[in-house]
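Chemist: Hey, dropping my_file-v7.pdb in here, PDB, C-alpha atoms, pLDDT in the B column:
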MODEL        1
ATOM      1  CA  MET A   1      91.563  70.835 112.341  1.00 25.00           C
ATOM      2  CA  GLN A   2      90.600  74.267 111.127  1.00 27.00           C
ATOM      3  CA  LYS A   3      92.190  75.692 108.017  1.00 27.00           C
ATOM      4  CA  LEU A   4      92.525  79.399 107.512  1.00 27.00           C
ATOM      5  CA  PHE A   5      93.873  81.271 104.530  1.00 25.00           C
ATOM      6  CA  ALA A   6      94.674  84.938 104.771  1.00 26.00           C
ATOM      7  CA  VAL A   7      95.957  86.779 101.755  1.00 27.00           C
ATOM      8  CA  ALA A   8      98.428  89.446 102.715  1.00 30.00           C
ATOM      9  CA  LEU A   9      98.757  91.994 100.014  1.00 29.00           C
ATOM     10  CA  LEU A  10     102.128  93.621 100.107  1.00 31.00           C
ATOM     11  CA  LEU A  11     101.950  96.492  97.694  1.00 32.00           C
ATOM     12  CA  THR A  12     105.012  98.693  97.738  1.00 29.00           C
ATOM     13  CA  LEU A  13     102.987 101.218  95.775  1.00 28.00           C
ATOM     14  CA  GLY A  14     101.158 101.903  99.012  1.00 31.00           C
ATOM     15  CA  ALA A  15      97.458 101.231  98.516  1.00 33.00           C
ATOM     16  CA  CYS A  16      94.752  98.748  99.358  1.00 38.00           C
ATOM     17  CA  ALA A  17      93.353  96.531  96.649  1.00 42.00           C
ATOM     18  CA  SER A  18      90.360  94.290  96.444  1.00 70.00           C
ATOM     19  CA  ILE A  19      90.569  90.528  96.521  1.00 71.00           C
ATOM     20  CA  PRO A  20      87.948  88.784  94.383  1.00 73.00           C
ATOM     21  CA  LEU A  21      85.452  86.592  96.199  1.00 72.00           C
ATOM     22  CA  GLY A  22      86.404  83.717  93.887  1.00 74.00           C
ATOM     23  CA  THR A  23      89.998  83.928  95.114  1.00 72.00           C
ATOM     24  CA  MET A  24      88.869  83.838  98.736  1.00 71.00           C
ATOM     25  CA  LEU A  25      86.661  80.826  98.048  1.00 68.00           C
ATOM     26  CA  ARG A  26      89.416  79.095  96.084  1.00 71.00           C
ATOM     27  CA  PHE A  27      91.752  79.350  99.043  1.00 69.00           C
ATOM     28  CA  ALA A  28      89.252  78.639 101.785  1.00 71.00           C
ATOM     29  CA  THR A  29      90.779  75.160 102.102  1.00 74.00           C
ATOM     30  CA  PHE A  30      94.259  75.809 100.674  1.00 77.00           C
ATOM     31  CA  ASP A  31      96.797  75.129 103.407  1.00 75.00           C
ATOM     32  CA  ALA A  32     100.436  74.316 104.154  1.00 76.00           C
ATOM     33  CA  GLU A  33      99.987  70.760 102.872  1.00 81.00           C
ATOM     34  CA  ASP A  34      98.808  72.133  99.515  1.00 84.00           C
ATOM     35  CA  LEU A  35     101.746  74.535  99.439  1.00 86.00           C
ATOM     36  CA  GLN A  36     104.073  71.538  99.766  1.00 88.00           C
ATOM     37  CA  THR A  37     102.822  70.255  96.391  1.00 91.00           C
ATOM     38  CA  VAL A  38     103.598  73.463  94.460  1.00 92.00           C
ATOM     39  CA  ASN A  39     106.376  73.075  91.885  1.00 94.00           C
ATOM     40  CA  PRO A  40     108.478  76.242  92.361  1.00 94.00           C
ATOM     41  CA  GLY A  41     109.343  76.233  88.654  1.00 92.00           C
ATOM     42  CA  GLU A  42     105.665  76.748  87.807  1.00 93.00           C
ATOM     43  CA  ILE A  43     105.087  79.807  90.021  1.00 93.00           C
ATOM     44  CA  ARG A  44     104.261  82.949  88.067  1.00 93.00           C
ATOM     45  CA  ALA A  45     103.090  86.382  89.152  1.00 92.00           C
ATOM     46  CA  ALA A  46     101.555  88.525  86.418  1.00 93.00           C
ATOM     47  CA  VAL A  47     101.126  92.248  87.026  1.00 93.00           C
ATOM     48  CA  ARG A  48      98.758  94.130  84.717  1.00 93.00           C
ATOM     49  CA  THR A  49      99.493  97.833  84.584  1.00 93.00           C
ATOM     50  CA  HIS A  50      99.791 100.800  82.232  1.00 94.00           C
ATOM     51  CA  ARG A  51     101.836 100.011  79.125  1.00 93.00           C
ATOM     52  CA  ASP A  52     104.460 102.678  79.972  1.00 93.00           C
ATOM     53  CA  VAL A  53     105.185 101.430  83.518  1.00 91.00           C
ATOM     54  CA  GLU A  54     108.242  99.318  84.326  1.00 89.00           C
ATOM     55  CA  PHE A  55     109.170  97.434  87.484  1.00 87.00           C
ATOM     56  CA  GLY A  56     112.703  96.427  88.429  1.00 84.00           C
ATOM     57  CA  GLY A  57     111.603  93.353  90.339  1.00 83.00           C
ATOM     58  CA  ALA A  58     109.032  91.655  92.493  1.00 86.00           C
ATOM     59  CA  THR A  59     108.864  89.534  95.641  1.00 87.00           C
ATOM     60  CA  LEU A  60     106.713  86.597  96.670  1.00 86.00           C
ATOM     61  CA  ARG A  61     106.204  86.460 100.424  1.00 84.00           C
ATOM     62  CA  VAL A  62     105.050  83.300 102.162  1.00 82.00           C
ATOM     63  CA  GLU A  63     104.049  83.129 105.818  1.00 77.00           C
ATOM     64  CA  VAL A  64     102.870  79.871 107.374  1.00 73.00           C
ATOM     65  CA  GLY A  65     102.330  79.157 111.018  1.00 68.00           C
ATOM     66  CA  LEU A  66     100.178  78.065 113.875  1.00 60.00           C
ATOM     67  CA  ARG A  67      98.114  80.581 115.788  1.00 57.00           C
ATOM     68  CA  GLU A  68      99.856  79.807 119.094  1.00 58.00           C
ATOM     69  CA  GLU A  69     102.753  82.154 119.917  1.00 60.00           C
ATOM     70  CA  ALA A  70     105.412  79.503 120.611  1.00 58.00           C
ATOM     71  CA  ALA A  71     104.472  77.300 117.644  1.00 63.00           C
ATOM     72  CA  PRO A  72     106.676  76.816 114.584  1.00 71.00           C
ATOM     73  CA  ARG A  73     106.448  79.615 112.024  1.00 77.00           C
ATOM     74  CA  ILE A  74     107.797  80.281 108.537  1.00 81.00           C
ATOM     75  CA  ASP A  75     108.185  83.791 107.150  1.00 84.00           C
ATOM     76  CA  GLU A  76     110.060  83.817 103.838  1.00 87.00           C
ATOM     77  CA  SER A  77     110.427  86.193 100.911  1.00 90.00           C
ATOM     78  CA  PHE A  78     111.519  84.979  97.495  1.00 91.00           C
ATOM     79  CA  ASP A  79     112.774  87.128  94.635  1.00 92.00           C
ATOM     80  CA  LEU A  80     110.844  87.042  91.391  1.00 91.00           C
ATOM     81  CA  GLU A  81     112.503  87.792  88.050  1.00 90.00           C
ATOM     82  CA  GLN A  82     110.781  89.318  85.068  1.00 90.00           C
ATOM     83  CA  LEU A  83     110.293  86.950  82.143  1.00 87.00           C
ATOM     84  CA  PRO A  84     111.833  88.672  79.122  1.00 80.00           C
ATOM     85  CA  GLN A  85     109.708  87.099  76.381  1.00 72.00           C
ATOM     86  CA  PHE A  86     106.194  85.735  76.667  1.00 73.00           C
ATOM     87  CA  THR A  87     102.804  85.994  75.083  1.00 73.00           C
ATOM     88  CA  ALA A  88      99.750  86.599  77.240  1.00 74.00           C
ATOM     89  CA  ARG A  89      97.760  83.948  75.417  1.00 76.00           C
ATOM     90  CA  GLY A  90     100.671  81.497  75.615  1.00 83.00           C
ATOM     91  CA  LEU A  91     100.543  81.755  79.405  1.00 87.00           C
ATOM     92  CA  GLY A  92      96.754  81.652  79.530  1.00 88.00           C
ATOM     93  CA  LEU A  93      96.331  85.332  80.414  1.00 91.00           C
ATOM     94  CA  ALA A  94      93.577  87.432  78.872  1.00 89.00           C
ATOM     95  CA  MET A  95      94.749  89.985  76.343  1.00 89.00           C
ATOM     96  CA  PRO A  96      95.055  93.321  78.158  1.00 90.00           C
ATOM     97  CA  PRO A  97      93.329  96.462  76.885  1.00 92.00           C
ATOM     98  CA  GLU A  98      95.399  98.523  74.445  1.00 93.00           C
ATOM     99  CA  ASP A  99      96.709 100.885  77.150  1.00 94.00           C
ATOM    100  CA  ARG A 100      97.751  98.027  79.495  1.00 94.00           C
ATOM    101  CA  GLN A 101     100.460  95.373  79.573  1.00 93.00           C
ATOM    102  CA  TRP A 102     101.244  92.216  81.506  1.00 93.00           C
ATOM    103  CA  ILE A 103     104.605  92.052  83.273  1.00 92.00           C
ATOM    104  CA  VAL A 104     105.205  88.423  84.210  1.00 93.00           C
ATOM    105  CA  PHE A 105     107.600  87.215  86.895  1.00 92.00           C
ATOM    106  CA  SER A 106     108.879  83.757  87.847  1.00 91.00           C
ATOM    107  CA  LEU A 107     110.745  82.567  90.916  1.00 92.00           C
ATOM    108  CA  ALA A 108     114.417  83.570  90.640  1.00 91.00           C
ATOM    109  CA  ASP A 109     116.695  80.613  89.898  1.00 90.00           C
ATOM    110  CA  GLU A 110     118.675  81.171  93.102  1.00 90.00           C
ATOM    111  CA  ASP A 111     115.469  81.018  95.172  1.00 92.00           C
ATOM    112  CA  VAL A 112     114.071  77.749  93.753  1.00 93.00           C
ATOM    113  CA  ASP A 113     116.123  75.617  96.182  1.00 92.00           C
ATOM    114  CA  ARG A 114     115.237  77.939  99.082  1.00 91.00           C
ATOM    115  CA  PHE A 115     111.552  77.541  98.199  1.00 91.00           C
ATOM    116  CA  ARG A 116     111.949  73.748  98.221  1.00 92.00           C
ATOM    117  CA  SER A 117     113.680  73.947 101.612  1.00 89.00           C
ATOM    118  CA  MET A 118     110.778  76.018 102.901  1.00 88.00           C
ATOM    119  CA  GLN A 119     108.375  73.364 101.599  1.00 89.00           C
ATOM    120  CA  ASN A 120     110.345  70.675 103.484  1.00 86.00           C
ATOM    121  CA  ALA A 121     110.188  72.787 106.653  1.00 83.00           C
ATOM    122  CA  LEU A 122     106.391  72.857 106.358  1.00 81.00           C
ATOM    123  CA  VAL A 123     106.323  69.242 107.592  1.00 78.00           C
ATOM    124  CA  GLU A 124     107.008  70.492 111.130  1.00 76.00           C
ATOM    125  CA  ILE A 125     103.933  72.712 110.964  1.00 75.00           C
ATOM    126  CA  THR A 126     101.580  70.306 109.187  1.00 73.00           C
ATOM    127  CA  ASN A 127     102.274  67.564 111.754  1.00 73.00           C
ATOM    128  CA  VAL A 128     101.080  69.721 114.657  1.00 72.00           C
ATOM    129  CA  ASP A 129      97.390  70.008 115.533  1.00 75.00           C
ATOM    130  CA  GLY A 130      95.915  73.463 115.816  1.00 71.00           C
ATOM    131  CA  GLU A 131      94.595  76.337 113.761  1.00 73.00           C
ATOM    132  CA  LYS A 132      97.030  77.156 110.988  1.00 70.00           C
ATOM    133  CA  SER A 133      97.391  80.264 108.891  1.00 74.00           C
ATOM    134  CA  LEU A 134      98.831  80.747 105.424  1.00 75.00           C
ATOM    135  CA  SER A 135      99.551  84.095 103.842  1.00 78.00           C
ATOM    136  CA  LEU A 136     100.795  84.792 100.315  1.00 80.00           C
ATOM    137  CA  GLY A 137     101.657  88.210  98.978  1.00 82.00           C
ATOM    138  CA  VAL A 138     103.232  89.732  95.882  1.00 86.00           C
ATOM    139  CA  SER A 139     104.957  93.092  95.896  1.00 86.00           C
ATOM    140  CA  THR A 140     106.739  95.007  93.147  1.00 86.00           C
ATOM    141  CA  SER A 141     109.808  97.192  93.418  1.00 84.00           C
ATOM    142  CA  ASP A 142     111.716  99.870  91.546  1.00 84.00           C
ATOM    143  CA  GLY A 143     108.729 101.235  89.657  1.00 84.00           C
ATOM    144  CA  ASN A 144     109.454 103.549  86.758  1.00 87.00           C
ATOM    145  CA  PHE A 145     106.420 105.726  85.961  1.00 88.00           C
ATOM    146  CA  PRO A 146     106.017 108.248  83.136  1.00 87.00           C
ATOM    147  CA  ASP A 147     106.198 111.946  84.051  1.00 88.00           C
ATOM    148  CA  GLY A 148     102.795 113.399  84.795  1.00 88.00           C
ATOM    149  CA  MET A 149     101.308 110.054  85.864  1.00 88.00           C
ATOM    150  CA  HIS A 150      99.792 110.421  89.346  1.00 89.00           C
ATOM    151  CA  GLU A 151      98.170 107.036  89.694  1.00 91.00           C
ATOM    152  CA  VAL A 152      98.715 103.721  88.012  1.00 90.00           C
ATOM    153  CA  PRO A 153      96.330 100.860  87.268  1.00 92.00           C
ATOM    154  CA  PHE A 154      97.535  97.742  89.083  1.00 90.00           C
ATOM    155  CA  ALA A 155      96.280  94.138  89.143  1.00 91.00           C
ATOM    156  CA  VAL A 156      98.016  90.890  90.105  1.00 91.00           C
ATOM    157  CA  ASP A 157      97.291  87.378  88.880  1.00 91.00           C
ATOM    158  CA  LEU A 158      99.116  84.426  90.419  1.00 91.00           C
ATOM    159  CA  ARG A 159      99.817  80.906  89.153  1.00 93.00           C
ATOM    160  CA  LEU A 160     100.835  78.230  91.638  1.00 92.00           C
ATOM    161  CA  PHE A 161     100.026  75.183  89.505  1.00 92.00           C
ATOM    162  CA  GLU A 162     100.522  75.215  85.735  1.00 92.00           C
ATOM    163  CA  GLU A 163      97.472  72.993  85.133  1.00 93.00           C
ATOM    164  CA  ASP A 164      95.229  75.372  87.127  1.00 90.00           C
ATOM    165  CA  GLY A 165      96.394  78.502  85.303  1.00 91.00           C
ATOM    166  CA  PHE A 166      96.293  82.019  86.709  1.00 92.00           C
ATOM    167  CA  PHE A 167      93.803  83.363  89.218  1.00 89.00           C
ATOM    168  CA  THR A 168      93.256  86.989  90.169  1.00 89.00           C
ATOM    169  CA  LEU A 169      94.955  87.835  93.442  1.00 86.00           C
ATOM    170  CA  ILE A 170      94.209  91.574  93.248  1.00 86.00           C
ATOM    171  CA  LYS A 171      91.506  93.081  91.019  1.00 89.00           C
ATOM    172  CA  GLU A 172      92.603  96.097  89.026  1.00 90.00           C
ATOM    173  CA  THR A 173      92.651  99.222  91.098  1.00 88.00           C
ATOM    174  CA  ASP A 174      94.238 102.640  90.640  1.00 89.00           C
ATOM    175  CA  ILE A 175      97.122 103.216  93.014  1.00 86.00           C
ATOM    176  CA  GLU A 176      98.442 106.672  93.773  1.00 87.00           C
ATOM    177  CA  ILE A 177     102.113 107.102  92.916  1.00 84.00           C
ATOM    178  CA  ASP A 178     104.252 108.342  95.787  1.00 77.00           C
ATOM    179  CA  ARG A 179     106.929 110.525  94.213  1.00 68.00           C
ATOM    180  CA  SER A 180     108.276 111.827  97.529  1.00 68.00           C
ATOM    181  CA  ASP A 181     111.588 109.964  97.102  1.00 60.00           C
ATOM    182  CA  ASP A 182     112.330 110.849  93.485  1.00 51.00           C
ATOM    183  CA  GLY A 183     112.970 114.574  93.797  1.00 43.00           C
ATOM    184  CA  ASP A 184     109.655 115.729  92.341  1.00 40.00           C
ATOM    185  CA  SER A 185     108.514 117.462  95.528  1.00 31.00           C
TER     186      SER A 185
ENDMDL
END
What does this structure look like when you write it as structure tokens?
Modeler:
Amino acid sequence: MQKLFAVALLLTLGACASIPLGTMLRFATFDAEDLQTVNPGEIRAAVRTHRDVEFGGATLRVEVGLREEAAPRIDESFDLEQLPQFTARGLGLAMPPEDRQWIVFSLADEDVDRFRSMQNALVEITNVDGEKSLSLGVSTSDGNFPDGMHEVPFAVDLRLFEEDGFFTLIKETDIEIDRSDDGDS
């Protein structure tokens, strides 16, 4: 059985970002069976950005399926809520530079049971032979950017297992801010 992991990066800020080689290697064998062992209460997404940027929310998207067209497929999105109080070191995150901040999200309480249901549904896929694919993505929403800022530094770290800590999903990159919808044009 071949295992394939594809990281789908869903950035609502509208830019491509680089995925570290270490992340690709880490997930070279991560599959639907591994996803079944994730405790949804331990999932965290940490966004490192400029200290004056705010996000209203975030989403974790999970897609799992077989390559064949008629095979079972899962395509779910789960809301993430911002953690109000945390310390970077307390979560195992590196201290950001002075002009940056971490914004940390956890799975929304109302989506924990849905995530567990999705994990139970994975049994149907893991019991079928064939090439499987797994895609995880994190996107942010409702960004509030200071006036005059044209691009924003953006990086995402993800934690699936508390004992493993965070890993970099997206290396820091500058993303152009699209202000076409906020009346600045």
Chemist: Evaluating the PyMOL selection byres ((chain A and resi 139-152) around 10) on the displayed file yields which residues, as a VMD selection string?
Modeler: chain A and resid 9 to 13 45 47 49 to 50 52 to 61 79 to 80 137 to 138 153 to 156 172 to 179 184
Chemist: For a quick check of understanding, using only C-alpha atoms, which of A:Glu162, A:Glu81, A:Glu63, A:Asp99 has the smallest distance to A:Asp111?
Modeler: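 Among the listed residues, the smallest separation from A:Asp111 belongs to A:Glu81.
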Chemist: For A:Asp113, which residue among A:Pro20, A:Pro40, A:Pro72, A:Gly90 is the nearest when counting all atoms listed in the file?
Modeler: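 Among the listed residues, A:Pro40 lies closest to A:Asp113.
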Chemist: Nearest residue to A:Phe30 out of A:Leu91, A:Ile170, A:Met118, A:Val64, using all atoms listed in the file?
Modeler: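 Checking each candidate against A:Phe30, we get A:Val64 as the closest.
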Chemist: Show which residues sit within 8 Å of A:Ala46, as a PyMOL selection string. Count only C-alpha atoms, and ignore same-chain residues fewer than 4 positions away.
Modeler: chain A and resi 102-105+156-158
Chemist: I'd like the interatomic distance between atom CA of A:Phe161 and atom CA of A:Arg44, to a tenth of an Å.
Modeler: 9.0 Å
Chemist: State, in Å with one decimal place, the distance from atom CA of A:Ala121 to atom CA of A:Arg73.
Modeler: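 Atom-to-atom, atom CA of A:Ala121 and atom CA of A:Arg73 are spaced 9.5 Å apart.
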Chemist: Please, what distance in Å, to one decimal, runs between atom CA of A:Phe78 and atom CA of A:Ser106?
Modeler: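 Atom-to-atom, atom CA of A:Phe78 and atom CA of A:Ser106 are spaced 10.1 Å apart.
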Chemist: Convert the output of the PyMOL selection byres ((chain A and resi 35) around 12) on the shown file into explicit residues, formatted as a PyMOL selection string.
Modeler: chain A and resi 5+27+29-34+36-40+43+62-64+115-116+118-123+125-126+133-136+160-161
Chemist: Once you add 8 Å to each side, what are the centre and edge lengths of the axis-aligned box holding all listed atoms of stretch 77-87 of chain A? One decimal in Å, as lines of an AutoDock Vina configuration file, if you can.
Modeler:
center_x = 107.8
center_y = 87.1
center_z = 88.0
size_x = 26.0
size_y = 20.3
size_z = 41.8
